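K.L.:
Pasting in a structure now, in structure tokens, and then I'll have a few things to ask.
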Amino acid sequence: MQKVLRKRVLRDLKENLFRYIALAFLIIMGMYVIVSLIGAGYTIIDNGETHDEANKIEDGQFSVFVPLSDEEISRLEDAGAEVEKMFYEDYDVMDGKTIRVFANRKNIDLVECDEGNLAEADDEIVVEKRFS
């Protein structure tokens, strides 16, 4: 009985060799794509976390209508939050676009320059590369 099955399996493999090779190729390519996507995802997540830590990217923000008192700020800091005042102004520019101008930040959301330097004088600004 086993001898008959062995002959049948070998005969089936010989008759459909190209079909089995094509199926094996599709399975291998599918596995390659999945492993590549998972590896790329981990790389993106790791690099994002490294960038966030290096530039001290904020975890959250809040706005107030009345400035916080020193006591309120110290209570927030005692609870583990790092508080930095961030003032900005919005300016309408060409084609209905708005540019938001910040002062240089020292502790949170640090600016990373690809080219050039941070603004050092009152008449200098840093423009984000996608806007420029």
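Scheme for the structure tokens: letters A, B, ... for chains in order shown; per-chain residue numbers from 1; ligand numbers from 1 in order shown.
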Which of chain A counts as strand (DSSP E or B) under DSSP, as a ChimeraX atom specification please?
P.N.:
/A:88-92,98-102
K.L.:
Could those selected residues go to a file with all heavy atoms, as a PDB file, in the first residue's frame?
P.N.:
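Wrote again.pdb, looks like this:
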ATOM      1  N   TYR A  88       2.874  82.166  21.196  1.00  0.00           N
ATOM      2  CA  TYR A  88       3.025  82.215  19.740  1.00  0.00           C
ATOM      3  C   TYR A  88       2.042  83.219  19.160  1.00  0.00           C
ATOM      4  O   TYR A  88       1.103  83.632  19.817  1.00  0.00           O
ATOM      5  CB  TYR A  88       2.795  80.837  19.113  1.00  0.00           C
ATOM      6  CG  TYR A  88       1.411  80.287  19.317  1.00  0.00           C
ATOM      7  CD1 TYR A  88       0.376  80.617  18.442  1.00  0.00           C
ATOM      8  CD2 TYR A  88       1.136  79.433  20.375  1.00  0.00           C
ATOM      9  CE1 TYR A  88      -0.900  80.116  18.632  1.00  0.00           C
ATOM     10  CE2 TYR A  88      -0.131  78.923  20.567  1.00  0.00           C
ATOM     11  CZ  TYR A  88      -1.149  79.265  19.685  1.00  0.00           C
ATOM     12  OH  TYR A  88      -2.404  78.758  19.873  1.00  0.00           O
ATOM     13  N   GLU A  89       2.321  83.599  17.920  1.00  0.00           N
ATOM     14  CA  GLU A  89       1.418  84.476  17.182  1.00  0.00           C
ATOM     15  C   GLU A  89       1.196  83.871  15.810  1.00  0.00           C
ATOM     16  O   GLU A  89       2.119  83.304  15.218  1.00  0.00           O
ATOM     17  CB  GLU A  89       2.012  85.874  17.040  1.00  0.00           C
ATOM     18  CG  GLU A  89       1.976  86.675  18.319  1.00  0.00           C
ATOM     19  CD  GLU A  89       2.320  88.139  18.082  1.00  0.00           C
ATOM     20  OE1 GLU A  89       1.872  88.703  17.050  1.00  0.00           O
ATOM     21  OE2 GLU A  89       3.019  88.701  18.923  1.00  0.00           O
ATOM     22  N   ASP A  90      -0.028  83.981  15.312  1.00  0.00           N
ATOM     23  CA  ASP A  90      -0.363  83.512  13.977  1.00  0.00           C
ATOM     24  C   ASP A  90      -0.417  84.688  13.021  1.00  0.00           C
ATOM     25  O   ASP A  90      -0.985  85.739  13.344  1.00  0.00           O
ATOM     26  CB  ASP A  90      -1.719  82.801  13.978  1.00  0.00           C
ATOM     27  CG  ASP A  90      -1.675  81.468  14.697  1.00  0.00           C
ATOM     28  OD1 ASP A  90      -0.578  80.885  14.796  1.00  0.00           O
ATOM     29  OD2 ASP A  90      -2.732  80.998  15.150  1.00  0.00           O
ATOM     30  N   TYR A  91       0.162  84.501  11.829  1.00  0.00           N
ATOM     31  CA  TYR A  91       0.139  85.527  10.799  1.00  0.00           C
ATOM     32  C   TYR A  91      -0.425  84.918   9.524  1.00  0.00           C
ATOM     33  O   TYR A  91      -0.019  83.828   9.119  1.00  0.00           O
ATOM     34  CB  TYR A  91       1.552  86.062  10.515  1.00  0.00           C
ATOM     35  CG  TYR A  91       2.165  86.786  11.684  1.00  0.00           C
ATOM     36  CD1 TYR A  91       3.059  86.135  12.531  1.00  0.00           C
ATOM     37  CD2 TYR A  91       1.871  88.117  11.931  1.00  0.00           C
ATOM     38  CE1 TYR A  91       3.628  86.795  13.611  1.00  0.00           C
ATOM     39  CE2 TYR A  91       2.444  88.785  13.006  1.00  0.00           C
ATOM     40  CZ  TYR A  91       3.319  88.117  13.833  1.00  0.00           C
ATOM     41  OH  TYR A  91       3.876  88.775  14.902  1.00  0.00           O
ATOM     42  N   ASP A  92      -1.379  85.623   8.895  1.00  0.00           N
ATOM     43  CA  ASP A  92      -1.902  85.176   7.605  1.00  0.00           C
ATOM     44  C   ASP A  92      -0.913  85.586   6.532  1.00  0.00           C
ATOM     45  O   ASP A  92      -0.512  86.750   6.449  1.00  0.00           O
ATOM     46  CB  ASP A  92      -3.272  85.801   7.330  1.00  0.00           C
ATOM     47  CG  ASP A  92      -4.339  85.249   8.265  1.00  0.00           C
ATOM     48  OD1 ASP A  92      -4.230  84.060   8.638  1.00  0.00           O
ATOM     49  OD2 ASP A  92      -5.261  86.003   8.628  1.00  0.00           O
ATOM     50  N   THR A  98      -1.400  80.148   7.001  1.00  0.00           N
ATOM     51  CA  THR A  98      -1.093  80.812   8.261  1.00  0.00           C
ATOM     52  C   THR A  98       0.252  80.323   8.752  1.00  0.00           C
ATOM     53  O   THR A  98       0.531  79.126   8.733  1.00  0.00           O
ATOM     54  CB  THR A  98      -2.172  80.495   9.312  1.00  0.00           C
ATOM     55  OG1 THR A  98      -3.438  80.914   8.797  1.00  0.00           O
ATOM     56  CG2 THR A  98      -1.899  81.198  10.616  1.00  0.00           C
ATOM     57  N   ILE A  99       1.078  81.251   9.188  1.00  0.00           N
ATOM     58  CA  ILE A  99       2.369  80.881   9.768  1.00  0.00           C
ATOM     59  C   ILE A  99       2.294  81.169  11.266  1.00  0.00           C
ATOM     60  O   ILE A  99       1.787  82.211  11.684  1.00  0.00           O
ATOM     61  CB  ILE A  99       3.542  81.631   9.088  1.00  0.00           C
ATOM     62  CG1 ILE A  99       4.873  81.110   9.601  1.00  0.00           C
ATOM     63  CG2 ILE A  99       3.434  83.116   9.297  1.00  0.00           C
ATOM     64  CD1 ILE A  99       6.054  81.571   8.777  1.00  0.00           C
ATOM     65  N   ARG A 100       2.728  80.220  12.067  1.00  0.00           N
ATOM     66  CA  ARG A 100       2.721  80.360  13.527  1.00  0.00           C
ATOM     67  C   ARG A 100       4.157  80.594  13.970  1.00  0.00           C
ATOM     68  O   ARG A 100       5.046  79.797  13.694  1.00  0.00           O
ATOM     69  CB  ARG A 100       2.159  79.093  14.168  1.00  0.00           C
ATOM     70  CG  ARG A 100       2.106  79.175  15.684  1.00  0.00           C
ATOM     71  CD  ARG A 100       1.273  78.067  16.250  1.00  0.00           C
ATOM     72  NE  ARG A 100      -0.135  78.396  16.024  1.00  0.00           N
ATOM     73  CZ  ARG A 100      -1.140  77.581  16.276  1.00  0.00           C
ATOM     74  NH1 ARG A 100      -0.921  76.379  16.754  1.00  0.00           N
ATOM     75  NH2 ARG A 100      -2.380  77.949  16.060  1.00  0.00           N
ATOM     76  N   VAL A 101       4.383  81.679  14.673  1.00  0.00           N
ATOM     77  CA  VAL A 101       5.725  82.086  15.095  1.00  0.00           C
ATOM     78  C   VAL A 101       5.853  81.854  16.599  1.00  0.00           C
ATOM     79  O   VAL A 101       5.071  82.366  17.389  1.00  0.00           O
ATOM     80  CB  VAL A 101       5.991  83.566  14.755  1.00  0.00           C
ATOM     81  CG1 VAL A 101       7.374  83.983  15.208  1.00  0.00           C
ATOM     82  CG2 VAL A 101       5.818  83.807  13.257  1.00  0.00           C
ATOM     83  N   PHE A 102       6.858  81.050  16.975  1.00  0.00           N
ATOM     84  CA  PHE A 102       7.170  80.744  18.374  1.00  0.00           C
ATOM     85  C   PHE A 102       8.486  81.397  18.753  1.00  0.00           C
ATOM     86  O   PHE A 102       9.337  81.632  17.907  1.00  0.00           O
ATOM     87  CB  PHE A 102       7.374  79.231  18.584  1.00  0.00           C
ATOM     88  CG  PHE A 102       6.139  78.410  18.466  1.00  0.00           C
ATOM     89  CD1 PHE A 102       5.760  77.868  17.259  1.00  0.00           C
ATOM     90  CD2 PHE A 102       5.359  78.154  19.582  1.00  0.00           C
ATOM     91  CE1 PHE A 102       4.633  77.088  17.149  1.00  0.00           C
ATOM     92  CE2 PHE A 102       4.224  77.375  19.484  1.00  0.00           C
ATOM     93  CZ  PHE A 102       3.857  76.842  18.264  1.00  0.00           C
TER      94      PHE A 102
END
K.L.:
Write out as a PyMOL selection string the set of residues from chain A that DSSP, computed on the backbone, places in helix (DSSP H, G or I).
P.N.:
chain A and resi 2-15+17-54+70-78+94-96
K.L.:
One decimal, in Å: what's the spacing between atom CA of Lys56 of chain A and atom CA of Lys97 of chain A?
P.N.:
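Distance reported for this atom pair: 27.5 Å.
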K.L.:
Measure the distance from atom CA of Asp109 of chain A to atom CA of Asn55 of chain A in Å and round it to one decimal.
P.N.:
5.9 Å
K.L.:
Leaving out segment 59-75 of chain A and any residue of its chain fewer than 6 positions from it, which residues lie within 10 Å of it when counting only C-alpha atoms, given as a ChimeraX atom specification?
P.N.:
/A:52,81-86,108-109
K.L.:
Considering only C-alpha atoms, can you say which of A:Phe25, A:Phe87, A:Tyr32, A:Tyr42 comes closest to Asn104 of chain A?
P.N.:
A:Phe87
